[in-house]
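Shown below: structure-v7.cif, with mmCIF, N, CA and C atoms.
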```cif
data_work
loop_
_atom_site.label_atom_id
_atom_site.label_comp_id
_atom_site.auth_asym_id
_atom_site.auth_seq_id
_atom_site.Cartn_x
_atom_site.Cartn_y
_atom_site.Cartn_z
N MET A 1 -95.89 167.21 60.45
CA MET A 1 -95.74 168.58 60.88
C MET A 1 -94.66 168.63 61.94
N SER A 2 -93.81 169.60 61.86
CA SER A 2 -92.81 169.77 62.89
C SER A 2 -93.17 170.98 63.74
N SER A 3 -92.48 171.13 64.85
CA SER A 3 -92.79 172.25 65.72
C SER A 3 -92.46 173.58 65.04
N GLU A 4 -91.63 173.55 64.00
CA GLU A 4 -91.31 174.78 63.28
C GLU A 4 -92.48 175.23 62.42
N ASP A 5 -93.39 174.33 62.08
CA ASP A 5 -94.53 174.68 61.22
C ASP A 5 -95.51 175.60 61.91
N THR A 6 -95.65 175.48 63.21
CA THR A 6 -96.60 176.29 63.96
C THR A 6 -95.90 176.89 65.17
N PRO A 7 -95.64 178.19 65.14
CA PRO A 7 -94.93 178.81 66.25
C PRO A 7 -95.67 178.62 67.57
N GLY A 8 -94.92 178.41 68.64
CA GLY A 8 -95.50 178.29 69.96
C GLY A 8 -96.03 176.91 70.29
N ILE A 9 -95.93 175.97 69.36
CA ILE A 9 -96.44 174.63 69.61
C ILE A 9 -95.27 173.67 69.67
N ARG A 10 -95.24 172.89 70.73
CA ARG A 10 -94.22 171.86 70.86
C ARG A 10 -94.88 170.52 70.62
N ARG A 11 -94.18 169.60 69.98
CA ARG A 11 -94.78 168.31 69.65
C ARG A 11 -93.91 167.20 70.22
N TRP A 12 -94.55 166.26 70.87
CA TRP A 12 -93.87 165.08 71.36
C TRP A 12 -94.53 163.86 70.74
N MET A 13 -93.72 162.88 70.39
CA MET A 13 -94.28 161.66 69.83
C MET A 13 -93.78 160.49 70.65
N GLY A 14 -94.65 159.53 70.87
CA GLY A 14 -94.27 158.33 71.60
C GLY A 14 -95.43 157.37 71.61
N ASP A 15 -95.14 156.09 71.42
CA ASP A 15 -96.18 155.06 71.43
C ASP A 15 -97.33 155.41 70.48
N ASN A 16 -96.99 155.87 69.27
CA ASN A 16 -97.98 156.22 68.25
C ASN A 16 -98.94 157.32 68.69
N LEU A 17 -98.52 158.15 69.61
CA LEU A 17 -99.35 159.25 70.10
C LEU A 17 -98.59 160.55 69.90
N THR A 18 -99.24 161.52 69.30
CA THR A 18 -98.65 162.84 69.14
C THR A 18 -99.40 163.78 70.06
N ILE A 19 -98.67 164.52 70.86
CA ILE A 19 -99.28 165.48 71.78
C ILE A 19 -98.81 166.87 71.40
N TYR A 20 -99.74 167.76 71.18
CA TYR A 20 -99.42 169.15 70.90
C TYR A 20 -99.68 169.94 72.17
N GLN A 21 -98.68 170.63 72.63
CA GLN A 21 -98.82 171.39 73.87
C GLN A 21 -98.62 172.86 73.56
N HIS A 22 -99.58 173.67 73.93
CA HIS A 22 -99.56 175.10 73.64
C HIS A 22 -99.27 175.92 74.88
N VAL A 23 -98.55 175.36 75.81
CA VAL A 23 -98.36 176.05 77.08
C VAL A 23 -96.95 175.78 77.59
N ALA A 24 -96.38 176.78 78.22
CA ALA A 24 -95.05 176.63 78.80
C ALA A 24 -95.12 175.65 79.96
N PRO A 25 -94.05 174.89 80.19
CA PRO A 25 -94.06 173.87 81.26
C PRO A 25 -94.46 174.41 82.62
N GLU A 26 -94.04 175.62 82.96
CA GLU A 26 -94.39 176.16 84.28
C GLU A 26 -95.89 176.45 84.39
N TRP A 27 -96.54 176.84 83.30
CA TRP A 27 -97.99 177.04 83.30
C TRP A 27 -98.70 175.70 83.31
N TRP A 28 -98.14 174.72 82.59
CA TRP A 28 -98.79 173.40 82.51
C TRP A 28 -98.91 172.77 83.88
N GLU A 29 -97.90 172.91 84.71
CA GLU A 29 -97.96 172.33 86.05
C GLU A 29 -99.11 172.92 86.86
N LYS A 30 -99.46 174.18 86.60
CA LYS A 30 -100.57 174.82 87.31
C LYS A 30 -101.92 174.48 86.67
N LEU A 31 -101.94 174.36 85.33
CA LEU A 31 -103.21 174.14 84.62
C LEU A 31 -103.62 172.68 84.53
N LYS A 32 -102.66 171.78 84.61
CA LYS A 32 -102.95 170.35 84.44
C LYS A 32 -104.02 169.85 85.41
N PRO A 33 -103.92 170.13 86.72
CA PRO A 33 -104.97 169.65 87.64
C PRO A 33 -106.35 170.23 87.32
N LEU A 34 -106.41 171.49 86.92
CA LEU A 34 -107.68 172.11 86.57
C LEU A 34 -108.27 171.45 85.33
N ALA A 35 -107.46 171.24 84.30
CA ALA A 35 -107.94 170.60 83.08
C ALA A 35 -108.44 169.19 83.38
N ARG A 36 -107.71 168.46 84.18
CA ARG A 36 -108.11 167.09 84.53
C ARG A 36 -109.44 167.09 85.29
N GLN A 37 -109.58 168.00 86.25
CA GLN A 37 -110.83 168.08 87.01
C GLN A 37 -112.00 168.40 86.09
N LYS A 38 -111.80 169.35 85.17
CA LYS A 38 -112.88 169.74 84.27
C LYS A 38 -113.25 168.61 83.30
N ARG A 39 -112.29 167.78 82.93
CA ARG A 39 -112.59 166.61 82.09
C ARG A 39 -113.41 165.59 82.86
N HIS A 40 -113.12 165.43 84.14
CA HIS A 40 -113.82 164.44 84.96
C HIS A 40 -115.18 164.93 85.46
N GLU A 41 -115.40 166.25 85.43
CA GLU A 41 -116.65 166.83 85.93
C GLU A 41 -117.24 167.80 84.90
N PRO A 42 -117.57 167.33 83.70
CA PRO A 42 -118.09 168.24 82.69
C PRO A 42 -119.51 168.70 83.02
N THR A 43 -119.86 169.86 82.50
CA THR A 43 -121.24 170.30 82.62
C THR A 43 -122.08 169.43 81.69
N PRO A 44 -123.40 169.38 81.89
CA PRO A 44 -124.24 168.60 80.97
C PRO A 44 -124.07 169.04 79.51
N ALA A 45 -123.94 170.35 79.27
CA ALA A 45 -123.77 170.85 77.90
C ALA A 45 -122.43 170.41 77.32
N GLU A 46 -121.36 170.47 78.12
CA GLU A 46 -120.05 170.03 77.64
C GLU A 46 -120.06 168.55 77.34
N ASP A 47 -120.71 167.77 78.19
CA ASP A 47 -120.76 166.32 77.98
C ASP A 47 -121.53 165.99 76.70
N ALA A 48 -122.65 166.68 76.46
CA ALA A 48 -123.44 166.43 75.26
C ALA A 48 -122.64 166.78 74.01
N LEU A 49 -121.94 167.90 74.03
CA LEU A 49 -121.14 168.29 72.86
C LEU A 49 -119.98 167.32 72.66
N TRP A 50 -119.36 166.88 73.75
CA TRP A 50 -118.24 165.94 73.64
C TRP A 50 -118.68 164.64 72.97
N GLN A 51 -119.90 164.20 73.22
CA GLN A 51 -120.39 162.98 72.59
C GLN A 51 -120.47 163.14 71.07
N LEU A 52 -120.67 164.36 70.60
CA LEU A 52 -120.71 164.63 69.15
C LEU A 52 -119.32 164.82 68.55
N LEU A 53 -118.38 165.35 69.34
CA LEU A 53 -117.06 165.68 68.83
C LEU A 53 -116.04 164.54 68.96
N ARG A 54 -116.19 163.69 69.95
CA ARG A 54 -115.17 162.69 70.25
C ARG A 54 -115.03 161.66 69.12
N GLY A 55 -113.86 161.07 69.05
CA GLY A 55 -113.62 160.00 68.09
C GLY A 55 -113.75 160.41 66.64
N ARG A 56 -113.40 161.65 66.34
CA ARG A 56 -113.45 162.15 64.95
C ARG A 56 -114.84 162.04 64.33
N ARG A 57 -115.86 162.20 65.13
CA ARG A 57 -117.25 162.07 64.65
C ARG A 57 -117.72 163.29 63.87
N THR A 58 -117.00 164.37 63.94
CA THR A 58 -117.41 165.60 63.27
C THR A 58 -116.49 165.85 62.08
N ALA A 59 -116.94 165.42 60.90
CA ALA A 59 -116.21 165.63 59.64
C ALA A 59 -114.78 165.10 59.70
N GLY A 60 -114.53 164.13 60.58
CA GLY A 60 -113.20 163.53 60.67
C GLY A 60 -112.18 164.35 61.45
N PHE A 61 -112.61 165.45 62.08
CA PHE A 61 -111.68 166.28 62.84
C PHE A 61 -111.51 165.74 64.25
N LYS A 62 -110.28 165.78 64.73
CA LYS A 62 -109.98 165.33 66.10
C LYS A 62 -110.07 166.53 67.04
N PHE A 63 -110.85 166.38 68.09
CA PHE A 63 -110.98 167.42 69.11
C PHE A 63 -110.40 166.91 70.42
N ARG A 64 -109.81 167.83 71.17
CA ARG A 64 -109.36 167.56 72.53
C ARG A 64 -110.26 168.38 73.45
N ARG A 65 -110.54 167.85 74.63
CA ARG A 65 -111.36 168.63 75.57
C ARG A 65 -110.49 169.09 76.72
N GLN A 66 -110.86 170.25 77.24
CA GLN A 66 -110.14 170.89 78.34
C GLN A 66 -108.64 170.95 78.03
N HIS A 67 -108.33 171.63 76.94
CA HIS A 67 -106.97 171.73 76.42
C HIS A 67 -106.36 173.07 76.85
N ALA A 68 -105.13 173.03 77.36
CA ALA A 68 -104.45 174.24 77.81
C ALA A 68 -103.79 174.94 76.63
N ILE A 69 -104.08 176.23 76.51
CA ILE A 69 -103.44 177.09 75.51
C ILE A 69 -102.97 178.33 76.25
N GLU A 70 -101.65 178.54 76.21
CA GLU A 70 -101.04 179.62 76.97
C GLU A 70 -101.46 179.50 78.43
N ARG A 71 -102.16 180.49 78.97
CA ARG A 71 -102.55 180.42 80.39
C ARG A 71 -104.02 180.10 80.58
N PHE A 72 -104.66 179.60 79.54
CA PHE A 72 -106.09 179.29 79.59
C PHE A 72 -106.34 177.82 79.34
N VAL A 73 -107.47 177.33 79.85
CA VAL A 73 -107.95 175.99 79.53
C VAL A 73 -109.23 176.19 78.73
N VAL A 74 -109.22 175.72 77.47
CA VAL A 74 -110.40 175.89 76.62
C VAL A 74 -111.20 174.60 76.64
N ASP A 75 -112.51 174.71 76.42
CA ASP A 75 -113.38 173.54 76.50
C ASP A 75 -113.02 172.49 75.45
N PHE A 76 -112.94 172.90 74.18
CA PHE A 76 -112.64 171.97 73.10
C PHE A 76 -111.69 172.63 72.12
N TYR A 77 -110.76 171.85 71.58
CA TYR A 77 -109.76 172.40 70.66
C TYR A 77 -109.51 171.39 69.54
N CYS A 78 -109.50 171.89 68.30
CA CYS A 78 -109.16 171.08 67.14
C CYS A 78 -107.90 171.66 66.53
N HIS A 79 -106.81 170.89 66.60
CA HIS A 79 -105.52 171.35 66.09
C HIS A 79 -105.55 171.53 64.57
N GLU A 80 -106.17 170.58 63.86
CA GLU A 80 -106.19 170.63 62.39
C GLU A 80 -106.87 171.89 61.88
N ALA A 81 -107.92 172.32 62.53
CA ALA A 81 -108.66 173.50 62.10
C ALA A 81 -108.24 174.76 62.85
N HIS A 82 -107.35 174.60 63.84
CA HIS A 82 -106.93 175.72 64.68
C HIS A 82 -108.17 176.40 65.28
N LEU A 83 -109.08 175.56 65.77
CA LEU A 83 -110.40 176.00 66.22
C LEU A 83 -110.61 175.72 67.69
N ILE A 84 -111.16 176.69 68.38
CA ILE A 84 -111.52 176.56 69.79
C ILE A 84 -113.04 176.64 69.90
N VAL A 85 -113.64 175.73 70.68
CA VAL A 85 -115.08 175.77 70.93
C VAL A 85 -115.27 175.89 72.43
N GLU A 86 -115.98 176.93 72.85
CA GLU A 86 -116.29 177.15 74.26
C GLU A 86 -117.79 176.96 74.46
N VAL A 87 -118.15 176.29 75.53
CA VAL A 87 -119.56 176.09 75.88
C VAL A 87 -119.89 177.06 77.00
N ASP A 88 -120.80 177.97 76.72
CA ASP A 88 -121.19 178.94 77.74
C ASP A 88 -122.16 178.32 78.73
N GLY A 89 -122.06 178.78 79.95
CA GLY A 89 -122.94 178.30 81.01
C GLY A 89 -123.09 179.40 82.04
N GLU A 90 -123.58 179.04 83.21
CA GLU A 90 -123.81 180.03 84.26
C GLU A 90 -122.55 180.79 84.65
N ILE A 91 -121.42 180.11 84.69
CA ILE A 91 -120.18 180.76 85.11
C ILE A 91 -119.83 181.94 84.20
N HIS A 92 -120.19 181.85 82.93
CA HIS A 92 -119.85 182.90 81.99
C HIS A 92 -120.65 184.18 82.22
N GLU A 93 -121.76 184.08 82.94
CA GLU A 93 -122.53 185.27 83.28
C GLU A 93 -121.73 186.19 84.21
N TYR A 94 -120.85 185.60 85.00
CA TYR A 94 -120.08 186.36 85.97
C TYR A 94 -118.71 186.76 85.44
N THR A 95 -118.32 186.24 84.30
CA THR A 95 -116.96 186.46 83.81
C THR A 95 -116.95 187.01 82.39
N ARG A 96 -117.96 187.77 82.00
CA ARG A 96 -118.03 188.29 80.63
C ARG A 96 -116.78 189.08 80.24
N GLU A 97 -116.34 189.97 81.11
CA GLU A 97 -115.16 190.78 80.79
C GLU A 97 -113.92 189.90 80.64
N GLU A 98 -113.75 188.94 81.53
CA GLU A 98 -112.61 188.03 81.43
C GLU A 98 -112.70 187.19 80.15
N ASP A 99 -113.92 186.75 79.80
CA ASP A 99 -114.11 185.98 78.58
C ASP A 99 -113.72 186.80 77.35
N MET A 100 -114.08 188.08 77.35
CA MET A 100 -113.74 188.94 76.21
C MET A 100 -112.23 189.13 76.11
N LEU A 101 -111.56 189.30 77.24
CA LEU A 101 -110.10 189.43 77.23
C LEU A 101 -109.44 188.15 76.74
N ARG A 102 -109.94 187.00 77.21
CA ARG A 102 -109.39 185.70 76.78
C ARG A 102 -109.60 185.52 75.29
N GLN A 103 -110.80 185.85 74.80
CA GLN A 103 -111.08 185.69 73.38
C GLN A 103 -110.14 186.57 72.54
N SER A 104 -109.96 187.80 72.94
CA SER A 104 -109.05 188.70 72.21
C SER A 104 -107.63 188.15 72.20
N PHE A 105 -107.19 187.64 73.34
CA PHE A 105 -105.84 187.09 73.45
C PHE A 105 -105.68 185.89 72.52
N LEU A 106 -106.64 184.97 72.53
CA LEU A 106 -106.54 183.76 71.69
C LEU A 106 -106.67 184.10 70.21
N GLU A 107 -107.51 185.07 69.86
CA GLU A 107 -107.61 185.50 68.46
C GLU A 107 -106.31 186.13 67.99
N ALA A 108 -105.62 186.84 68.89
CA ALA A 108 -104.32 187.42 68.53
C ALA A 108 -103.29 186.33 68.21
N LEU A 109 -103.51 185.12 68.73
CA LEU A 109 -102.64 183.98 68.42
C LEU A 109 -103.14 183.22 67.19
N ASN A 110 -104.12 183.79 66.50
CA ASN A 110 -104.69 183.22 65.27
C ASN A 110 -105.56 182.00 65.49
N PHE A 111 -106.12 181.86 66.67
CA PHE A 111 -107.12 180.81 66.89
C PHE A 111 -108.46 181.37 66.48
N THR A 112 -109.35 180.49 66.00
CA THR A 112 -110.70 180.91 65.66
C THR A 112 -111.67 180.20 66.57
N GLY A 113 -112.85 180.73 66.66
CA GLY A 113 -113.84 180.12 67.52
C GLY A 113 -115.24 180.49 67.09
#
```
Encoded form (structure tokens):
Amino acid sequence: MSSEDTPGIRRWMGDNLTIYQHVAPEWWEKLKPLARQKRHEPTPAEDALWQLLRGRRTAGFKFRRQHAIERFVVDFYCHEAHLIVEVDGEIHEYTREEDMLRQSFLEALNFTG
């Protein structure tokens, strides 16, 4: 797949690793520390789901956790299925309106969840 196959996605290859980045470099510099922190401090629910998704354990699909898309960091993302999985928790009780706006924005980019 080339970057022309999927608009808005840039692909880098090196050392047998392909990285798909869905975020502009200026946003990535701001989101990278947040994504890293969330990977190192998952909620119990995120950790339990990650144990099921990691290493292509779910129907052979590869998932990334705490992946940046545009200006958001999503809990889990599968590039092959163009699928986003979010794990709701206490924080989502306070951010329902923001969650709805984020979901609408990501669906407009043809992501499913």
Item to check | Which of A:Arg57, A:Arg64, A:Arg71, A:His40 sits closest to Pro25 (chain A) [using only C-alpha atoms] | outcome: A:Arg71
Next on the checklist: If the PyMOL selection byres (((chain A and resi 79 and name CA) around 9) and name CA) were run on this exact file, what residues would it hold? Put them as a count of residues only.
Outcome noted: 12
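CA of Glu70 (chain A) lies 22.5 Å from atom N of Trp50 (chain A).
The space separating atom C of Leu34 (chain A) from atom N of Val73 (chain A) comes to 8.1 Å.
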Checklist outcome for this item: The residue from A:Leu52, A:Val74, A:Ala68, A:Ala45 with the smallest atom-to-atom distance to Gln103 (chain A), counting only C-alpha atoms, is A:Val74
Item to check | Separation of CA of Met100 (chain A) from CA of Val23 (chain A) in Å | outcome: 20.1 Å
Checklist outcome for this item: If you count only C-alpha atoms, the residue of A:Leu101, A:Leu49, A:Ala24, A:Leu31 closest to Val85 (chain A) turns out to be A:Leu49
